[in-house]
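Engineer: Next up, structure_11.cif (mmCIF, C-alpha atoms).
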```cif
data_structure
#
loop_
_atom_site.label_atom_id
_atom_site.label_comp_id
_atom_site.auth_asym_id
_atom_site.auth_seq_id
_atom_site.Cartn_x
_atom_site.Cartn_y
_atom_site.Cartn_z
CA MET V 3 0.00 0.00 0.00
CA LYS V 4 1.36 3.38 -0.96
CA GLN V 5 2.34 5.36 2.10
CA THR V 6 0.67 8.77 2.47
CA ARG V 7 2.08 11.73 4.30
CA GLN V 8 0.41 14.03 6.79
CA TRP V 9 1.10 17.65 5.87
CA VAL V 10 0.38 20.79 7.84
CA PHE V 11 -1.47 23.10 5.48
CA ALA V 12 0.21 26.23 6.81
CA ALA V 13 3.55 24.75 5.78
CA ILE V 14 2.22 23.87 2.35
CA LEU V 15 1.30 27.50 1.80
CA THR V 16 4.97 28.41 1.90
CA LEU V 17 5.75 26.20 -1.09
CA CYS V 18 3.96 27.98 -3.92
CA GLY V 19 1.51 30.44 -2.45
CA SER V 20 2.42 34.00 -1.70
CA VAL V 21 2.76 33.85 2.06
CA THR V 22 2.24 37.35 3.38
CA GLY V 23 1.22 39.18 6.49
CA HIS V 24 -2.36 38.88 5.23
CA ALA V 25 -2.24 35.15 4.61
CA GLN V 26 -4.90 33.20 6.44
CA ASP V 27 -4.05 31.14 9.47
CA GLU V 28 -5.02 27.73 8.09
CA VAL V 29 -3.09 25.39 10.36
CA GLN V 30 -4.71 22.09 9.48
CA THR V 31 -3.31 18.62 9.12
CA VAL V 32 -3.79 17.52 5.53
CA ASN V 33 -3.47 13.97 4.31
CA ALA V 34 -2.07 14.82 0.87
CA TYR V 35 -2.83 12.41 -1.96
CA PHE V 36 0.77 12.57 -3.20
CA THR V 37 4.09 13.90 -1.97
CA THR V 38 5.96 16.54 -3.96
CA ALA V 39 8.28 13.87 -5.35
CA GLU V 40 5.28 11.86 -6.61
CA MET V 41 3.79 14.80 -8.49
CA PRO V 42 4.74 15.56 -12.13
CA ASP V 43 8.12 17.30 -12.38
CA MET V 44 7.41 20.68 -13.92
CA MET V 45 11.07 21.18 -14.74
CA LYS V 46 10.63 18.46 -17.36
CA PHE V 47 7.82 20.19 -19.28
CA LEU V 48 7.47 23.81 -18.15
CA PRO V 49 9.44 26.32 -20.27
CA ALA V 50 11.54 28.94 -18.53
CA PRO V 51 9.94 32.34 -17.94
CA PRO V 52 10.20 34.72 -20.92
CA ASP V 53 13.52 36.45 -21.49
CA SER V 54 13.35 40.23 -21.08
CA THR V 55 14.20 40.70 -24.79
CA SER V 56 11.46 38.36 -26.06
CA VAL V 57 8.07 39.08 -27.62
CA ALA V 58 6.50 37.07 -24.81
CA PHE V 59 7.94 39.49 -22.27
CA MET V 60 6.57 42.41 -24.28
CA ASN V 61 3.17 40.80 -23.77
CA ASP V 62 3.90 40.50 -20.05
CA VAL V 63 4.62 44.23 -19.92
CA ALA V 64 1.49 45.10 -21.92
CA ARG V 65 -0.62 42.97 -19.60
CA TYR V 66 0.97 44.60 -16.56
CA TYR V 67 -0.28 47.97 -17.77
CA TRP V 68 -3.68 46.45 -18.45
CA GLY V 69 -3.77 45.27 -14.85
CA LYS V 70 -2.90 48.75 -13.62
CA SER V 71 -5.71 50.22 -15.71
CA MET V 72 -8.21 47.87 -14.11
CA ARG V 73 -7.48 49.35 -10.69
CA HIS V 74 -9.62 52.33 -11.70
CA ASP V 75 -12.61 49.98 -11.56
CA GLU V 76 -13.36 50.07 -7.84
CA GLU V 77 -15.35 46.85 -7.92
CA ARG V 78 -12.60 44.94 -9.71
CA ALA V 79 -9.87 46.39 -7.52
CA ALA V 80 -11.77 45.39 -4.38
CA GLN V 81 -12.24 41.85 -5.69
CA ALA V 82 -8.54 41.56 -6.63
CA THR V 83 -7.55 42.73 -3.15
CA ARG V 84 -9.80 40.14 -1.53
CA ASP V 85 -8.43 37.42 -3.80
CA ALA V 86 -4.89 38.35 -2.74
CA VAL V 87 -5.47 36.81 0.69
CA TYR V 88 -4.08 33.37 -0.07
CA GLY V 89 -5.95 30.36 1.27
CA LEU V 90 -8.87 28.01 0.86
CA ALA V 91 -11.09 30.22 3.03
CA THR V 92 -10.86 33.00 0.43
CA ILE V 93 -11.67 30.54 -2.35
CA LEU V 94 -14.77 29.28 -0.54
CA THR V 95 -16.04 32.80 0.07
CA GLU V 96 -15.24 34.23 -3.34
CA TYR V 97 -16.44 31.21 -5.35
CA GLU V 98 -19.66 30.67 -3.40
CA ASP V 99 -21.94 32.48 -5.85
CA ALA V 100 -20.36 30.76 -8.84
CA PHE V 101 -20.58 27.32 -7.20
CA GLY V 102 -24.14 27.97 -6.07
CA MET V 103 -23.74 26.61 -2.56
CA LYS V 104 -21.96 27.49 0.66
CA ILE V 105 -19.07 25.15 1.46
CA SER V 106 -17.79 24.73 5.01
CA PRO V 107 -16.30 22.00 7.24
CA GLU V 108 -19.52 21.93 9.25
CA GLU V 109 -22.17 22.04 6.51
CA THR V 110 -20.43 20.17 3.68
CA PRO V 111 -17.58 18.16 5.27
CA GLU V 112 -17.03 15.80 2.30
CA ILE V 113 -16.82 18.62 -0.25
CA TYR V 114 -14.58 20.62 2.05
CA LYS V 115 -12.29 17.63 2.58
CA VAL V 116 -11.72 16.96 -1.12
CA LEU V 117 -11.07 20.65 -1.77
CA LEU V 118 -8.68 20.98 1.16
CA GLU V 119 -6.67 17.86 0.37
CA GLY V 120 -6.93 18.30 -3.39
CA THR V 121 -5.70 21.91 -3.54
CA ALA V 122 -2.99 21.24 -0.96
CA THR V 123 -1.68 18.34 -3.03
CA CYS V 124 -1.76 20.38 -6.24
CA ASP V 125 0.08 23.24 -4.55
CA SER V 126 3.36 21.34 -4.25
CA ILE V 127 3.82 20.88 -8.00
CA CYS V 128 5.35 24.33 -8.43
CA THR V 129 7.94 23.97 -5.65
CA LEU V 130 10.85 23.20 -7.98
CA PRO V 131 10.33 25.92 -10.62
CA LYS V 132 9.63 28.54 -7.95
CA ALA V 133 12.96 27.76 -6.31
CA LYS V 134 14.92 27.50 -9.55
CA TYR V 135 13.80 30.64 -11.34
CA MET V 136 13.09 33.02 -8.42
CA ARG V 137 11.60 35.39 -10.98
CA ARG V 138 11.28 39.03 -9.94
CA ARG V 139 7.75 40.33 -9.72
CA PRO V 140 6.38 43.26 -11.75
CA PHE V 141 6.33 45.71 -8.87
CA MET V 142 10.00 44.97 -8.24
CA VAL V 143 10.92 45.58 -11.89
CA PHE V 144 8.90 48.78 -12.27
CA HIS V 145 9.44 50.03 -8.70
CA GLU V 146 5.73 50.73 -8.38
CA PRO V 147 3.28 49.92 -5.57
CA THR V 148 0.75 47.10 -5.69
CA LEU V 149 -2.79 47.00 -4.37
CA THR V 150 -1.44 45.12 -1.34
CA PRO V 151 1.60 47.13 -0.21
CA ASP V 152 1.86 45.31 3.11
CA ASP V 153 2.52 42.09 1.20
CA GLU V 154 5.37 43.38 -0.95
CA GLU V 155 8.24 42.58 1.39
CA ALA V 156 7.24 38.92 1.68
CA LEU V 157 6.43 38.67 -2.03
CA SER V 158 9.85 39.97 -2.97
CA HIS V 159 11.42 36.87 -1.41
CA ASN V 160 9.00 34.46 -3.12
CA GLY V 161 9.53 33.64 -6.80
CA SER V 162 6.90 34.87 -9.23
CA TYR V 163 6.92 31.92 -11.66
CA PRO V 164 4.58 30.02 -11.68
CA SER V 165 1.84 31.92 -9.86
CA GLY V 166 0.85 30.02 -6.71
CA HIS V 167 -2.37 32.01 -6.38
CA THR V 168 -3.37 31.05 -9.91
CA LEU V 169 -2.53 27.41 -9.25
CA LEU V 170 -4.76 27.43 -6.17
CA GLY V 171 -7.60 29.27 -7.90
CA TRP V 172 -7.60 27.11 -11.01
CA SER V 173 -7.21 23.76 -9.22
CA ALA V 174 -10.10 24.74 -6.93
CA ALA V 175 -12.20 25.68 -9.96
CA LEU V 176 -11.48 22.33 -11.63
CA LEU V 177 -12.39 20.43 -8.47
CA MET V 178 -15.59 22.43 -7.96
CA THR V 179 -16.57 21.92 -11.60
CA GLU V 180 -16.23 18.17 -11.16
CA ILE V 181 -18.54 18.34 -8.14
CA ASN V 182 -21.09 20.66 -9.79
CA PRO V 183 -20.71 20.39 -13.60
CA ASP V 184 -23.96 22.28 -14.21
CA ARG V 185 -22.20 25.44 -12.98
CA ALA V 186 -19.02 24.85 -14.96
CA ASN V 187 -19.22 28.13 -16.89
CA GLU V 188 -19.65 30.23 -13.78
CA ILE V 189 -17.02 28.37 -11.73
CA LEU V 190 -14.37 28.41 -14.45
CA ALA V 191 -15.00 32.07 -15.22
CA ARG V 192 -14.46 32.92 -11.56
CA GLY V 193 -11.41 30.66 -11.40
CA TYR V 194 -9.87 32.37 -14.42
CA ARG V 195 -10.54 35.79 -12.96
CA TYR V 196 -8.96 34.76 -9.66
CA GLY V 197 -5.65 34.25 -11.48
CA GLU V 198 -6.14 37.30 -13.66
CA ASN V 199 -6.58 39.41 -10.54
CA ARG V 200 -2.89 38.83 -9.78
CA LEU V 201 -2.18 41.17 -12.71
CA VAL V 202 -4.61 43.72 -11.30
CA VAL V 203 -2.83 43.59 -7.94
CA GLY V 204 0.53 43.93 -9.69
CA ALA V 205 2.07 40.86 -8.09
CA HIS V 206 2.42 38.63 -11.18
CA TRP V 207 3.17 38.64 -14.88
CA GLN V 208 0.77 37.16 -17.44
CA SER V 209 3.19 34.30 -18.12
CA ASP V 210 3.23 33.53 -14.37
CA THR V 211 -0.53 33.02 -14.39
CA ASP V 212 -0.41 31.00 -17.61
CA ALA V 213 2.16 28.69 -16.00
CA GLY V 214 0.03 28.49 -12.85
CA ARG V 215 -2.94 27.18 -14.83
CA LEU V 216 -0.71 24.66 -16.59
CA ALA V 217 0.59 23.51 -13.21
CA ALA V 218 -2.94 23.17 -11.83
CA SER V 219 -4.10 21.16 -14.84
CA ALA V 220 -1.14 18.76 -14.60
CA ALA V 221 -1.66 18.33 -10.87
CA TYR V 222 -5.41 17.83 -11.32
CA ALA V 223 -4.76 15.01 -13.80
CA ARG V 224 -2.40 13.38 -11.29
CA LEU V 225 -5.06 13.51 -8.59
CA HIS V 226 -7.24 11.22 -10.69
CA THR V 227 -4.72 8.40 -10.42
CA SER V 228 -5.33 8.22 -6.66
CA GLU V 229 -8.05 5.79 -5.61
CA ARG V 230 -8.36 7.63 -2.32
CA PHE V 231 -9.02 10.89 -4.18
CA LEU V 232 -11.57 9.25 -6.46
CA GLU V 233 -13.40 7.81 -3.46
CA GLN V 234 -13.43 11.18 -1.70
CA MET V 235 -14.68 12.88 -4.87
CA ARG V 236 -17.53 10.37 -5.03
CA LYS V 237 -18.45 11.25 -1.46
CA ALA V 238 -18.25 14.96 -2.26
CA ARG V 239 -20.53 14.63 -5.29
CA ALA V 240 -23.03 12.55 -3.34
CA GLU V 241 -23.08 15.15 -0.58
CA PHE V 242 -23.55 17.92 -3.13
CA GLN V 243 -26.48 16.15 -4.76
CA GLN V 244 -28.09 15.61 -1.37
CA LYS V 245 -27.65 19.24 -0.35
CA GLN V 246 -28.82 20.44 -3.75
CA GLY V 247 -31.96 18.36 -3.44
CA GLN V 248 -32.68 19.91 -0.05
CA ALA V 249 -32.10 23.39 -1.45
CA VAL V 250 -34.46 22.77 -4.36
CA GLY V 251 -37.15 21.65 -1.93
CA VAL V 252 -36.78 24.79 0.18
CA LYS V 253 -36.79 26.98 -2.91
CA SER V 254 -39.96 25.35 -4.22
CA ALA V 255 -41.70 25.84 -0.88
CA ALA V 256 -40.79 29.50 -0.90
CA ALA V 257 -41.82 30.11 -4.53
CA GLY V 258 -43.36 33.51 -5.08
CA ARG V 259 -41.49 35.06 -2.17
CA GLN V 260 -38.05 35.24 -3.77
CA PRO V 261 -36.73 38.63 -4.95
CA VAL V 262 -36.76 39.07 -8.71
CA GLY V 263 -34.69 41.18 -11.06
CA HIS V 264 -31.27 40.12 -9.75
CA THR V 265 -28.75 39.98 -12.57
CA TYR V 266 -25.20 38.61 -12.35
CA ARG V 267 -22.22 38.18 -14.62
CA LEU V 268 -20.83 34.68 -15.18
CA ASP V 269 -18.07 35.36 -12.64
CA GLY V 270 -20.71 35.81 -9.94
CA MET V 271 -20.40 39.59 -9.66
CA PRO V 272 -23.59 41.72 -9.90
CA ALA V 273 -24.10 42.94 -13.46
CA ARG V 274 -24.38 46.66 -13.97
CA GLN V 275 -27.51 48.12 -15.52
CA HIS V 276 -27.55 47.72 -19.31
CA ALA V 277 -24.49 45.42 -19.17
CA GLN V 278 -23.89 43.54 -22.41
CA GLY V 279 -22.84 39.94 -22.94
CA VAL V 280 -23.95 36.75 -21.18
CA VAL V 281 -25.60 37.36 -17.80
CA VAL V 282 -27.64 35.31 -15.33
CA GLU V 283 -31.02 36.85 -14.49
CA ASP V 284 -33.45 35.12 -12.12
CA GLY V 285 -31.52 31.88 -12.58
CA LYS V 286 -31.60 32.00 -16.40
CA LYS V 287 -28.72 32.78 -18.77
CA LEU V 288 -29.42 35.64 -21.15
CA LEU V 289 -27.40 37.23 -23.95
CA ARG V 290 -27.63 40.99 -23.81
CA ARG V 291 -26.66 42.97 -26.89
#
```
If you convert what's in this file into structure tokens, what do you get?

Structural biologist:
Amino acid sequence: MKQTRQWVFAAILTLCGSVTGHAQDEVQTVNAYFTTAEMPDMMKFLPAPPDSTSVAFMNDVARYYWGKSMRHDEERAAQATRDAVYGLATILTEYEDAFGMKISPEETPEIYKVLLEGTATCDSICTLPKAKYMRRRPFMVFHEPTLTPDDEEALSHNGSYPSGHTLLGWSAALLMTEINPDRANEILARGYRYGENRLVVGAHWQSDTDAGRLAASAAYARLHTSERFLEQMRKARAEFQQKQGQAVGVKSAAAGRQPVGHTYRLDGMPARQHAQGVVVEDGKKLLRR
């Protein structure tokens, strides 16, 4: 029988996530599905970060300025600042609308367990490239402040490539989509934005976030070779279906008393009046032109 290893989640955060003064205190013992050594070796398939003379780096610079421009959107800037607090607790809060259900250790223990152990296991895949490249972050190159100035000192000692935040956000989105495939569009949109918000904060380059999603996808595939993970995912999906059935019953009983006219974007944020594109209004997807 393959031996598993008990990990302390707070220690795992130091591997790939941006551990800052605002990081959440998530000291929990996690029974990871694989050790770092058992995960795919990113040094064997991940290209090096773009050279400063390359076209790819020109795109990184252009996207950095795009991120700065998005800070003028107060709603987006506030969301990016919230997302900067690294940890599963942030994911559960920020993804709740997209997932369509509150997740907590008390109310949904099986779903919480697979997310906790799954994301913690995925996190370790970027340990080697982080340590090897120790890429300097945008705010260090441009000598400009981020949206989270209190985090900058810690971030400056943590390599930028791949993005640990993006890895966490995308692996969580993949896991949540497997549990609730009917909300795949909303969950994946929010997961993508979670990584993209690292550009808005000014803590990562575009290529960092691209590499973070690649890392998450490789780690997610590895998870599915663990029988223990597959069994826990089955429990999580069964729990979700049970809870969803209860929620549908309550909603039906309260029909006619629910507020109407609520419109949301696919990322779960309230849609502004006259917003164009695909929106969700009263539980239905609409295309506004």

Engineer: Evaluated on this file, the PyMOL selection byres ((chain V and resi 211-225) around 7) picks out some residues - which ones are they, written as an mmCIF file with C-alpha atoms, keeping the file's coordinate frame?

Structural biologist:
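Everything below was put into part_28.cif:
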```cif
data_model
loop_
_atom_site.group_PDB
_atom_site.id
_atom_site.type_symbol
_atom_site.label_atom_id
_atom_site.label_comp_id
_atom_site.auth_asym_id
_atom_site.auth_seq_id
_atom_site.Cartn_x
_atom_site.Cartn_y
_atom_site.Cartn_z
ATOM 1 C CA MET V 41 3.790 14.800 -8.490
ATOM 2 C CA CYS V 124 -1.760 20.380 -6.240
ATOM 3 C CA ILE V 127 3.820 20.880 -8.000
ATOM 4 C CA CYS V 128 5.350 24.330 -8.430
ATOM 5 C CA PRO V 164 4.580 30.020 -11.680
ATOM 6 C CA SER V 165 1.840 31.920 -9.860
ATOM 7 C CA GLY V 166 0.850 30.020 -6.710
ATOM 8 C CA THR V 168 -3.370 31.050 -9.910
ATOM 9 C CA LEU V 169 -2.530 27.410 -9.250
ATOM 10 C CA TRP V 172 -7.600 27.110 -11.010
ATOM 11 C CA SER V 173 -7.210 23.760 -9.220
ATOM 12 C CA GLY V 197 -5.650 34.250 -11.480
ATOM 13 C CA TRP V 207 3.170 38.640 -14.880
ATOM 14 C CA GLN V 208 0.770 37.160 -17.440
ATOM 15 C CA SER V 209 3.190 34.300 -18.120
ATOM 16 C CA ASP V 210 3.230 33.530 -14.370
ATOM 17 C CA HIS V 226 -7.240 11.220 -10.690
ATOM 18 C CA THR V 227 -4.720 8.400 -10.420
ATOM 19 C CA SER V 228 -5.330 8.220 -6.660
ATOM 20 C CA PHE V 231 -9.020 10.890 -4.180
#
```

Engineer: Between atom CA of Ala80 of chain V and atom CA of Ser162 of chain V, measure the distance and give it in Å to one decimal.

Structural biologist: 22.0 Å

Engineer: Residues picked by the PyMOL selection byres ((chain V and resi 135-151) around 7) here, as a list in words?

Structural biologist: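 When the PyMOL selection byres ((chain V and resi 135-151) around 7) is applied, the selected residues are Thr83, Pro131, Lys132, Ala133, Lys134, Asp152, Asp153, Glu154, Asn160, Gly161, Ser162, Tyr163, Val203, Gly204, Ala205, His206 and Trp207 of chain V.
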
Engineer: Can you pull out the residues contacting Pro111 of chain V? Cut-off 12 Å, using only C-alpha atoms, and skip same-chain residues under 2 positions away; I want them as an MDAnalysis selection string.

Structural biologist: chainID V and resid 104:109 113:119 234:235 237:242 245

Engineer: In Å, with one decimal, what is the gap from atom CA of Asn33 of chain V to atom CA of Leu232 of chain V?

Structural biologist: 14.3 Å

Engineer: Which distance in Å separates atom CA of Arg200 of chain V and atom CA of His167 of chain V, to one decimal?

Structural biologist: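 If I compute the distance from atom CA of Arg200 of chain V to atom CA of His167 of chain V, I get 7.6 Å.
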
Engineer: Select, from V:Leu176, V:Val280, V:Ala122, V:Met72, the residue with the minimum atom-to-atom distance to Glu198 of chain V, counting all atoms listed in the file.

Structural biologist: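 Using all atoms listed in the file, the shortest distance to Glu198 of chain V belongs to V:Met72.
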
Engineer: I need the output of the PyMOL selection byres ((chain V and resi 78) around 12) for this file as a ChimeraX atom specification; which residues are they?

Structural biologist: /V:69-77,79-85,149,195-196,198-203,269,271-272

Engineer: With only C-alpha atoms as the atoms that count, which of V:Ala191, V:Val87, V:Ala64, V:Ala58 lies nearest to Asp99 of chain V?

Structural biologist: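 For Asp99 of chain V, the nearest of the given residues is V:Ala191.
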
Engineer: Start from the incomplete input, build N, CA and C atoms for segment 54-73 of chain V, and deliver everything as a PDB file, in the coordinates of the input.

Structural biologist:
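Now in part.pdb:
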```pdb
ATOM      1  N   SER V  54      13.765  38.825 -21.042  1.00  0.00           N
ATOM      2  CA  SER V  54      13.350  40.230 -21.080  1.00  0.00           C
ATOM      3  C   SER V  54      13.444  40.861 -22.468  1.00  0.00           C
ATOM      4  N   THR V  55      14.100  40.183 -23.422  1.00  0.00           N
ATOM      5  CA  THR V  55      14.200  40.700 -24.790  1.00  0.00           C
ATOM      6  C   THR V  55      13.199  40.035 -25.734  1.00  0.00           C
ATOM      7  N   SER V  56      12.356  39.146 -25.209  1.00  0.00           N
ATOM      8  CA  SER V  56      11.460  38.360 -26.060  1.00  0.00           C
ATOM      9  C   SER V  56      10.121  39.051 -26.294  1.00  0.00           C
ATOM     10  N   VAL V  57       9.418  38.593 -27.344  1.00  0.00           N
ATOM     11  CA  VAL V  57       8.070  39.080 -27.620  1.00  0.00           C
ATOM     12  C   VAL V  57       7.123  38.691 -26.489  1.00  0.00           C
ATOM     13  N   ALA V  58       7.349  37.518 -25.922  1.00  0.00           N
ATOM     14  CA  ALA V  58       6.500  37.070 -24.810  1.00  0.00           C
ATOM     15  C   ALA V  58       6.595  38.018 -23.628  1.00  0.00           C
ATOM     16  N   PHE V  59       7.803  38.540 -23.380  1.00  0.00           N
ATOM     17  CA  PHE V  59       7.940  39.490 -22.270  1.00  0.00           C
ATOM     18  C   PHE V  59       7.278  40.820 -22.604  1.00  0.00           C
ATOM     19  N   MET V  60       7.281  41.194 -23.875  1.00  0.00           N
ATOM     20  CA  MET V  60       6.570  42.410 -24.280  1.00  0.00           C
ATOM     21  C   MET V  60       5.083  42.268 -23.950  1.00  0.00           C
ATOM     22  N   ASN V  61       4.552  41.051 -24.147  1.00  0.00           N
ATOM     23  CA  ASN V  61       3.170  40.800 -23.770  1.00  0.00           C
ATOM     24  C   ASN V  61       2.981  40.894 -22.268  1.00  0.00           C
ATOM     25  N   ASP V  62       3.953  40.379 -21.505  1.00  0.00           N
ATOM     26  CA  ASP V  62       3.900  40.500 -20.050  1.00  0.00           C
ATOM     27  C   ASP V  62       3.801  41.963 -19.624  1.00  0.00           C
ATOM     28  N   VAL V  63       4.618  42.804 -20.257  1.00  0.00           N
ATOM     29  CA  VAL V  63       4.620  44.230 -19.920  1.00  0.00           C
ATOM     30  C   VAL V  63       3.284  44.875 -20.287  1.00  0.00           C
ATOM     31  N   ALA V  64       2.780  44.543 -21.488  1.00  0.00           N
ATOM     32  CA  ALA V  64       1.490  45.100 -21.920  1.00  0.00           C
ATOM     33  C   ALA V  64       0.386  44.694 -20.952  1.00  0.00           C
ATOM     34  N   ARG V  65       0.405  43.444 -20.521  1.00  0.00           N
ATOM     35  CA  ARG V  65      -0.620  42.970 -19.600  1.00  0.00           C
ATOM     36  C   ARG V  65      -0.456  43.575 -18.212  1.00  0.00           C
ATOM     37  N   TYR V  66       0.760  43.911 -17.839  1.00  0.00           N
ATOM     38  CA  TYR V  66       0.970  44.600 -16.560  1.00  0.00           C
ATOM     39  C   TYR V  66       0.250  45.941 -16.574  1.00  0.00           C
ATOM     40  N   TYR V  67       0.392  46.670 -17.675  1.00  0.00           N
ATOM     41  CA  TYR V  67      -0.280  47.970 -17.770  1.00  0.00           C
ATOM     42  C   TYR V  67      -1.784  47.811 -17.862  1.00  0.00           C
ATOM     43  N   TRP V  68      -2.243  46.720 -18.477  1.00  0.00           N
ATOM     44  CA  TRP V  68      -3.680  46.450 -18.450  1.00  0.00           C
ATOM     45  C   TRP V  68      -4.149  46.260 -17.017  1.00  0.00           C
ATOM     46  N   GLY V  69      -3.402  45.488 -16.245  1.00  0.00           N
ATOM     47  CA  GLY V  69      -3.770  45.270 -14.850  1.00  0.00           C
ATOM     48  C   GLY V  69      -3.843  46.567 -14.071  1.00  0.00           C
ATOM     49  N   LYS V  70      -2.884  47.455 -14.301  1.00  0.00           N
ATOM     50  CA  LYS V  70      -2.900  48.750 -13.620  1.00  0.00           C
ATOM     51  C   LYS V  70      -4.152  49.542 -13.996  1.00  0.00           C
ATOM     52  N   SER V  71      -4.536  49.467 -15.264  1.00  0.00           N
ATOM     53  CA  SER V  71      -5.710  50.220 -15.710  1.00  0.00           C
ATOM     54  C   SER V  71      -6.981  49.709 -15.042  1.00  0.00           C
ATOM     55  N   MET V  72      -7.024  48.439 -14.720  1.00  0.00           N
ATOM     56  CA  MET V  72      -8.210  47.870 -14.110  1.00  0.00           C
ATOM     57  C   MET V  72      -8.387  48.312 -12.659  1.00  0.00           C
ATOM     58  N   ARG V  73      -7.356  48.871 -12.064  1.00  0.00           N
ATOM     59  CA  ARG V  73      -7.480  49.350 -10.690  1.00  0.00           C
ATOM     60  C   ARG V  73      -8.407  50.552 -10.582  1.00  0.00           C
TER      61      ARG V  73
END
```
